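One structure is given here, and the rest of the page talks about it.
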Amino acid sequence: MPLNVGNTAFMLLCASLVMLMTPGLAFFYGGLVGRKNVLTIMTQSFVSLGWTTVLWFAFGYSMCFGPTWHGIVGDPTHYAFLKGITLQSMYTGNDAGIPLIVHVAYQMMFAIITPALITGAFANRVTFKAYFLFLTGWLIFVYFPFVHMVWSPEGILAKWGVLDFAGGIVVHNTAGLAALASILYVGRRKVVENVPHNIPLIALGTGLLWFGWYGFNAGSELKVDSITASAFLNTDVAASFAAAAWLFVEWMNAKQPKFVGLLTGAVAGLATITPAAGYVSLSTAALIGILAGVICYYAVALKNKLGWDDALDVWGVHGVGGFIGVIFLGVFASKAWNPAGSDGLLLGNIGFFGKQCAAVAVSSVWAFGFTYGMLWIIDRITPVRVAPTAEERGLDTELHGEEAYPQGL
């Protein structure tokens, strides 16, 4: 297959945009937590940036896209340490004409940010050793297998006809349900900080996430065509409508328009449109955005009512957003907007809708169950939760010996 220079350049740009999302997430989460825990949660994102790359290089890409084992996971030895990949190796998953190393780089950025999303749920109360083991185990037993099942041509869910354009199942739903399992296992914080310490930092993080999401969604076409353009615009439309919907619903309930609510609503819209971005119309993207803003807002309200201490609303935004996004794809998908996709329930395809529901249910159960069990095992090796005194003093000083805001500044 000949090299397509335009597609190659575009995909390198998209990989860079998705990479930028992880620092953006660090800023977003850093602004949401209290002053004594800023560096800890930002460190967790940047650790994923480094350590996930090591695992991806060693065997992660091979587990995701290597020769299949019963459609569940790829052979971890096939591309181990990226052996056999040369300058002449081309990606053969479609007719994009991009080097295989570009695909390796692009998909690696997805692997980096996905476990980092989970950290917002157990903010301020997990030891660094436990997080490091969690990061490693979760990638190996949850993320890598689901990438293979959904995005590898040999994956069992892909062959079954399940669609996920850019990560509703693979990224957001698995991370969101892992977050829910984490908060139920770890328990509530002793020191609850309900007020973000730096809203401008949240805004900066949201801006970087929103900007990077264009690479996340539009880049998932893996080439430049009209579907790339529609996925790009659908991303912005859904985020904007979701931000407005969350703003108005919260304004109605809290009697004030909240900036943090607007920003959170945008992220909810981005997460929800992700699986459907390249398969639905522009007007459908607007509708999905409105539904995302409203449903995710009330999911967070339900979480608060139930007393779940999801510190930064990972389940309510990413878990619920990813889940309903996959369901909405099953309802609204249209071959008129992507001939390689499928028609959804509204166009009479009940079978496709059922497959989407089944796939998201399976991913939810596995991500939740494995995460809870893995945390129990890690707790037998090293304490998962920090000591109460460490939580009171702040994890930046207790775990890392550093301060985001040294005394006097």
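Identifiers in this document derive from the order of the structure tokens: chains are assigned A, B, ..., residues are numbered from 1 separately in each chain, and ligands are numbered from 1 in order of occurrence.
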Legend entry - Residues near stretch 269-279 of chain A, cut-off 6 Å, only C-alpha atoms, skip fewer than 3 positions along chain, as a PyMOL selection string: chain A and resi 164-168+227+231+234+238-239+242+266+289+292+318+321-322+325-326+329+333+337-338
With C-alpha atoms retained, export the selected residues as a compact mmCIF listing (two decimals), in the first residue's frame.
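Resulting contents of selection.txt:
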```txt
# COMPACT_ATOMS: atom_id res chain seq x y z
CA ASP A 164 -17.63 2.35 18.76
CA PHE A 165 -16.21 5.16 16.68
CA ALA A 166 -13.74 6.65 19.18
CA GLY A 167 -14.14 5.03 22.59
CA GLY A 168 -17.57 5.05 24.22
CA ILE A 227 -16.69 11.36 7.69
CA ALA A 231 -16.98 13.63 13.27
CA ASN A 234 -20.32 16.54 15.65
CA ALA A 238 -22.48 17.90 21.03
CA ALA A 239 -20.09 19.53 23.50
CA ALA A 242 -24.36 19.67 26.41
CA ALA A 266 -19.07 20.24 27.89
CA GLY A 289 -25.51 16.81 23.39
CA ALA A 292 -25.97 14.20 27.64
CA HIS A 318 -17.63 9.53 31.69
CA GLY A 321 -21.87 9.55 29.19
CA GLY A 322 -20.06 6.65 27.54
CA GLY A 325 -23.53 7.36 23.97
CA VAL A 326 -23.24 3.72 22.93
CA LEU A 329 -25.49 5.12 18.63
CA ALA A 333 -26.87 5.46 13.61
CA TRP A 337 -23.77 9.45 7.32
CA ASN A 338 -21.35 6.53 7.23
```
Inset, instruction - Write down as an MDAnalysis selection string the residues belonging to stretch 47-271 of chain A that are assigned alpha helix (DSSP H) by DSSP computed on the backbone. - result: chainID A and resid 47:55 61:65 100:118 128:138 144:151 156:160 174:186 199:218 226:254 259:271
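One finds atom CA of A:Ser45 at 6.4 Å from atom CA of A:Thr22.
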Test item: residues at most 12 Å from A:Leu3, only C-alpha atoms, excluding those fewer than 2 positions along its chain, as a tab-separated table (two decimals) with N, CA, C and O atoms, in the first residue's frame:
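Final output, saved to result-v2.tsv:
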```tsv
chain	number	residue	atom	x	y	z
A	1	MET	N	0.85	-1.19	0.00
A	1	MET	CA	0.00	0.00	0.00
A	1	MET	C	0.89	1.25	0.00
A	1	MET	O	1.77	1.39	0.84
A	5	VAL	N	0.68	10.82	2.11
A	5	VAL	CA	1.35	11.86	2.90
A	5	VAL	C	0.33	12.68	3.69
A	5	VAL	O	0.54	13.00	4.88
A	6	GLY	N	-0.79	13.03	3.06
A	6	GLY	CA	-1.79	13.85	3.75
A	6	GLY	C	-2.38	13.14	4.95
A	6	GLY	O	-2.49	13.72	6.04
A	7	ASN	N	-2.78	11.88	4.77
A	7	ASN	CA	-3.33	11.11	5.89
A	7	ASN	C	-2.31	10.92	6.99
A	7	ASN	O	-2.64	10.97	8.19
A	8	THR	N	-1.07	10.68	6.61
A	8	THR	CA	-0.01	10.48	7.61
A	8	THR	C	0.20	11.73	8.45
A	8	THR	O	0.29	11.68	9.68
A	9	ALA	N	0.27	12.88	7.77
A	9	ALA	CA	0.45	14.15	8.49
A	9	ALA	C	-0.73	14.43	9.41
A	9	ALA	O	-0.57	14.86	10.56
A	87	LEU	N	10.29	1.04	8.99
A	87	LEU	CA	9.82	2.22	8.28
A	87	LEU	C	8.91	1.85	7.11
A	87	LEU	O	8.10	2.66	6.66
A	88	GLN	N	9.04	0.63	6.63
A	88	GLN	CA	8.24	0.19	5.49
A	88	GLN	C	6.92	-0.47	5.91
A	88	GLN	O	6.06	-0.73	5.06
A	89	SER	N	6.75	-0.73	7.21
A	89	SER	CA	5.52	-1.39	7.68
A	89	SER	C	4.35	-0.43	7.56
A	89	SER	O	4.40	0.70	8.05
A	90	MET	N	3.28	-0.89	6.91
A	90	MET	CA	2.10	-0.06	6.71
A	90	MET	C	0.92	-0.61	7.51
A	90	MET	O	0.78	-1.83	7.68
A	91	TYR	N	0.09	0.30	7.98
A	91	TYR	CA	-1.15	-0.10	8.64
A	91	TYR	C	-2.11	-0.62	7.58
A	91	TYR	O	-2.36	0.05	6.56
A	92	THR	N	-2.66	-1.80	7.81
A	92	THR	CA	-3.51	-2.44	6.79
A	92	THR	C	-4.97	-2.54	7.21
A	92	THR	O	-5.76	-3.23	6.57
A	95	ASP	N	-7.73	1.66	4.02
A	95	ASP	CA	-6.96	2.13	2.87
A	95	ASP	C	-6.33	3.50	3.13
A	95	ASP	O	-6.08	4.27	2.19
A	96	ALA	N	-6.03	3.80	4.40
A	96	ALA	CA	-5.54	5.13	4.76
A	96	ALA	C	-4.14	5.40	4.22
A	96	ALA	O	-3.77	6.55	3.98
A	97	GLY	N	-3.33	4.36	4.07
A	97	GLY	CA	-1.97	4.56	3.59
A	97	GLY	C	-1.07	5.24	4.60
A	97	GLY	O	-0.26	6.09	4.25
A	98	ILE	N	-1.21	4.86	5.87
A	98	ILE	CA	-0.36	5.44	6.92
A	98	ILE	C	0.62	4.39	7.42
A	98	ILE	O	0.31	3.20	7.45
A	99	PRO	N	1.82	4.79	7.82
A	99	PRO	CA	2.77	3.83	8.39
A	99	PRO	C	2.22	3.21	9.67
A	99	PRO	O	1.48	3.84	10.42
A	100	LEU	N	2.60	1.98	9.93
A	100	LEU	CA	2.15	1.29	11.13
A	100	LEU	C	2.60	2.02	12.39
A	100	LEU	O	1.89	2.04	13.39
A	102	VAL	N	2.65	5.10	12.89
A	102	VAL	CA	1.70	6.18	13.16
A	102	VAL	C	0.49	5.62	13.92
A	102	VAL	O	0.00	6.23	14.88
A	223	LYS	N	-8.09	8.62	8.61
A	223	LYS	CA	-7.76	9.23	7.33
A	223	LYS	C	-8.61	10.49	7.17
A	223	LYS	O	-9.47	10.77	8.02
```
Show which residues sit within 10 Å of A:Val365, as a PDB file with all heavy atoms, in the first residue's frame. Count only C-alpha atoms, and ignore same-chain residues fewer than 6 positions away.
```
ATOM      1  N   THR A 174     -15.735   1.886  30.257  1.00  0.00           N
ATOM      2  CA  THR A 174     -14.875   1.063  31.111  1.00  0.00           C
ATOM      3  C   THR A 174     -14.258   1.896  32.230  1.00  0.00           C
ATOM      4  O   THR A 174     -14.209   1.464  33.386  1.00  0.00           O
ATOM      5  CB  THR A 174     -13.766   0.386  30.295  1.00  0.00           C
ATOM      6  OG1 THR A 174     -12.994   1.375  29.603  1.00  0.00           O
ATOM      7  CG2 THR A 174     -14.343  -0.605  29.293  1.00  0.00           C
ATOM      8  N   LEU A 177     -17.069   2.871  34.873  1.00  0.00           N
ATOM      9  CA  LEU A 177     -17.480   1.782  35.762  1.00  0.00           C
ATOM     10  C   LEU A 177     -16.343   1.365  36.681  1.00  0.00           C
ATOM     11  O   LEU A 177     -16.570   0.962  37.836  1.00  0.00           O
ATOM     12  CB  LEU A 177     -17.975   0.604  34.937  1.00  0.00           C
ATOM     13  CG  LEU A 177     -19.492   0.597  34.626  1.00  0.00           C
ATOM     14  CD1 LEU A 177     -20.281   0.423  35.924  1.00  0.00           C
ATOM     15  CD2 LEU A 177     -19.948   1.866  33.921  1.00  0.00           C
ATOM     16  N   ALA A 178     -15.106   1.485  36.212  1.00  0.00           N
ATOM     17  CA  ALA A 178     -13.959   1.258  37.097  1.00  0.00           C
ATOM     18  C   ALA A 178     -13.929   2.306  38.199  1.00  0.00           C
ATOM     19  O   ALA A 178     -13.587   2.012  39.350  1.00  0.00           O
ATOM     20  CB  ALA A 178     -12.665   1.290  36.293  1.00  0.00           C
ATOM     21  N   THR A 371     -12.212  -4.433  38.396  1.00  0.00           N
ATOM     22  CA  THR A 371     -11.606  -3.344  39.155  1.00  0.00           C
ATOM     23  C   THR A 371     -11.776  -3.556  40.655  1.00  0.00           C
ATOM     24  O   THR A 371     -10.825  -3.392  41.428  1.00  0.00           O
ATOM     25  CB  THR A 371     -12.225  -1.996  38.743  1.00  0.00           C
ATOM     26  OG1 THR A 371     -12.018  -1.790  37.342  1.00  0.00           O
ATOM     27  CG2 THR A 371     -11.592  -0.848  39.520  1.00  0.00           C
TER      28      THR A 371
END
```
Inset, instruction - Please provide the set of residues having any atom within 10 Å of stretch 395-397 of chain A, restricted to only C-alpha atoms, with same-chain residues fewer than 4 positions apart removed, written as a PyMOL selection string. - result: chain A and resi 35-41+43+123-128+386+389-391+401-404
Store the residues picked out above, limited to N, CA and C atoms, as a PDB file, in the first residue's frame.
```
ATOM      1  N   ARG A  35      -6.295  22.503  47.576  1.00  0.00           N
ATOM      2  CA  ARG A  35      -4.929  22.988  47.420  1.00  0.00           C
ATOM      3  C   ARG A  35      -3.880  21.982  47.876  1.00  0.00           C
ATOM      4  N   LYS A  36      -4.238  21.111  48.828  1.00  0.00           N
ATOM      5  CA  LYS A  36      -3.259  20.181  49.393  1.00  0.00           C
ATOM      6  C   LYS A  36      -3.093  18.895  48.578  1.00  0.00           C
ATOM      7  N   ASN A  37      -3.882  18.766  47.512  1.00  0.00           N
ATOM      8  CA  ASN A  37      -3.852  17.522  46.735  1.00  0.00           C
ATOM      9  C   ASN A  37      -3.698  17.740  45.238  1.00  0.00           C
ATOM     10  N   VAL A  38      -3.307  18.949  44.850  1.00  0.00           N
ATOM     11  CA  VAL A  38      -3.203  19.291  43.429  1.00  0.00           C
ATOM     12  C   VAL A  38      -2.136  18.447  42.737  1.00  0.00           C
ATOM     13  N   LEU A  39      -0.949  18.410  43.309  1.00  0.00           N
ATOM     14  CA  LEU A  39       0.158  17.722  42.664  1.00  0.00           C
ATOM     15  C   LEU A  39      -0.067  16.222  42.602  1.00  0.00           C
ATOM     16  N   THR A  40      -0.712  15.684  43.615  1.00  0.00           N
ATOM     17  CA  THR A  40      -0.947  14.237  43.644  1.00  0.00           C
ATOM     18  C   THR A  40      -1.774  13.780  42.457  1.00  0.00           C
ATOM     19  N   ILE A  41      -2.884  14.461  42.209  1.00  0.00           N
ATOM     20  CA  ILE A  41      -3.744  14.009  41.114  1.00  0.00           C
ATOM     21  C   ILE A  41      -3.134  14.353  39.758  1.00  0.00           C
ATOM     22  N   THR A  43       0.088  14.323  39.217  1.00  0.00           N
ATOM     23  CA  THR A  43       1.127  13.304  39.082  1.00  0.00           C
ATOM     24  C   THR A  43       0.555  12.016  38.516  1.00  0.00           C
ATOM     25  N   ALA A 123      -9.819  10.487  44.189  1.00  0.00           N
ATOM     26  CA  ALA A 123      -8.913  11.589  44.514  1.00  0.00           C
ATOM     27  C   ALA A 123      -8.757  11.761  46.022  1.00  0.00           C
ATOM     28  N   ASN A 124      -7.551  12.055  46.447  1.00  0.00           N
ATOM     29  CA  ASN A 124      -7.216  12.445  47.822  1.00  0.00           C
ATOM     30  C   ASN A 124      -7.142  11.287  48.820  1.00  0.00           C
ATOM     31  N   ARG A 125      -7.194  10.031  48.364  1.00  0.00           N
ATOM     32  CA  ARG A 125      -7.234   8.963  49.378  1.00  0.00           C
ATOM     33  C   ARG A 125      -6.567   7.654  48.998  1.00  0.00           C
ATOM     34  N   VAL A 126      -5.810   7.604  47.902  1.00  0.00           N
ATOM     35  CA  VAL A 126      -5.173   6.357  47.479  1.00  0.00           C
ATOM     36  C   VAL A 126      -3.654   6.523  47.469  1.00  0.00           C
ATOM     37  N   THR A 127      -2.941   5.523  47.955  1.00  0.00           N
ATOM     38  CA  THR A 127      -1.480   5.585  47.996  1.00  0.00           C
ATOM     39  C   THR A 127      -0.897   5.484  46.589  1.00  0.00           C
ATOM     40  N   PHE A 128       0.297   5.998  46.436  1.00  0.00           N
ATOM     41  CA  PHE A 128       0.921   5.988  45.116  1.00  0.00           C
ATOM     42  C   PHE A 128       1.283   4.572  44.682  1.00  0.00           C
ATOM     43  N   VAL A 386      -4.734   5.723  51.962  1.00  0.00           N
ATOM     44  CA  VAL A 386      -3.766   6.425  52.795  1.00  0.00           C
ATOM     45  C   VAL A 386      -4.263   6.479  54.236  1.00  0.00           C
ATOM     46  N   THR A 389      -4.343  10.476  58.888  1.00  0.00           N
ATOM     47  CA  THR A 389      -3.515  11.665  59.122  1.00  0.00           C
ATOM     48  C   THR A 389      -2.966  12.212  57.812  1.00  0.00           C
ATOM     49  N   ALA A 390      -2.615  11.326  56.875  1.00  0.00           N
ATOM     50  CA  ALA A 390      -2.113  11.773  55.577  1.00  0.00           C
ATOM     51  C   ALA A 390      -3.199  12.488  54.796  1.00  0.00           C
ATOM     52  N   GLU A 391      -4.409  11.957  54.877  1.00  0.00           N
ATOM     53  CA  GLU A 391      -5.520  12.594  54.173  1.00  0.00           C
ATOM     54  C   GLU A 391      -5.790  13.988  54.737  1.00  0.00           C
ATOM     55  N   GLY A 401       6.184  14.871  49.072  1.00  0.00           N
ATOM     56  CA  GLY A 401       7.107  15.834  49.644  1.00  0.00           C
ATOM     57  C   GLY A 401       7.215  17.120  48.849  1.00  0.00           C
ATOM     58  N   GLU A 402       6.119  17.487  48.146  1.00  0.00           N
ATOM     59  CA  GLU A 402       6.116  18.698  47.331  1.00  0.00           C
ATOM     60  C   GLU A 402       4.824  19.470  47.588  1.00  0.00           C
ATOM     61  N   GLU A 403       4.828  20.736  47.239  1.00  0.00           N
ATOM     62  CA  GLU A 403       3.648  21.577  47.435  1.00  0.00           C
ATOM     63  C   GLU A 403       3.383  22.376  46.163  1.00  0.00           C
ATOM     64  N   ALA A 404       2.109  22.408  45.775  1.00  0.00           N
ATOM     65  CA  ALA A 404       1.736  23.232  44.616  1.00  0.00           C
ATOM     66  C   ALA A 404       1.837  24.714  44.940  1.00  0.00           C
TER      67      ALA A 404
END
```
Inset, instruction - Based on DSSP run over this structure's backbone, return all residues of stretch 64-167 of chain A in strand (DSSP E), as a ChimeraX atom specification. - result: /A:68-69,73-74
Selected residues written out with N, CA and C atoms, as a JSON list (two decimals), in the first residue's frame:
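Resulting contents of part.json:
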```json
[["chain", "number", "residue", "atom", "x", "y", "z"],
["A", 68, "THR", "N", -5.08, -12.62, 17.02],
["A", 68, "THR", "CA", -6.07, -12.78, 18.08],
["A", 68, "THR", "C", -5.98, -14.11, 18.82],
["A", 69, "TRP", "N", -6.38, -14.07, 20.08],
["A", 69, "TRP", "CA", -6.62, -15.27, 20.86],
["A", 69, "TRP", "C", -8.12, -15.32, 21.14],
["A", 73, "VAL", "N", -8.19, -11.12, 23.00],
["A", 73, "VAL", "CA", -6.98, -10.33, 23.20],
["A", 73, "VAL", "C", -5.95, -10.75, 22.17],
["A", 74, "GLY", "N", -5.05, -9.84, 21.84],
["A", 74, "GLY", "CA", -4.02, -10.14, 20.88],
["A", 74, "GLY", "C", -2.82, -10.84, 21.50]]
```
Inset, instruction - Find, counting only C-alpha atoms, the residue in A:Leu347, A:Ala358, A:Ile377, A:Val320 that gets nearest to A:Phe332. - result: A:Leu347
Legend entry - Selection near A:Val18, 8 Å with only C-alpha atoms, sequence-local residues under 3 positions removed, as number ranges by chain: A: 14-15, 21-22, 106, 109-110, 212-213, 215-216
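With distances restricted to only C-alpha atoms, A:Ala367 is the closest residue to A:Leu139 from A:Ala244, A:Val300, A:Ala367, A:Ala158.
Shortest atom-to-atom contact with A:Leu184 among A:Phe328, A:Leu233, A:Asp310, A:Gly207: A:Asp310, counting only C-alpha atoms.
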Would you mind listing, for every residue of stretch 139-162 of chain A within 12 Å of stretch 48-56 of chain A, the two atoms forming the shortest contact and the distance between them in Å to one decimal, using only C-alpha atoms, sorted by chain and ascending residue number, as JSON lines?
```
{"residue": "A:Leu139", "atom": "CA", "partner": "A:Thr52", "partner_atom": "CA", "distance": 8.0}
{"residue": "A:Ile140", "atom": "CA", "partner": "A:Leu55", "partner_atom": "CA", "distance": 8.8}
{"residue": "A:Tyr143", "atom": "CA", "partner": "A:Thr52", "partner_atom": "CA", "distance": 11.2}
{"residue": "A:Phe144", "atom": "CA", "partner": "A:Trp56", "partner_atom": "CA", "distance": 9.3}
```
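Interatomic distance, atom CA of A:Lys258 to atom CA of A:Ile324: 24.2 Å.
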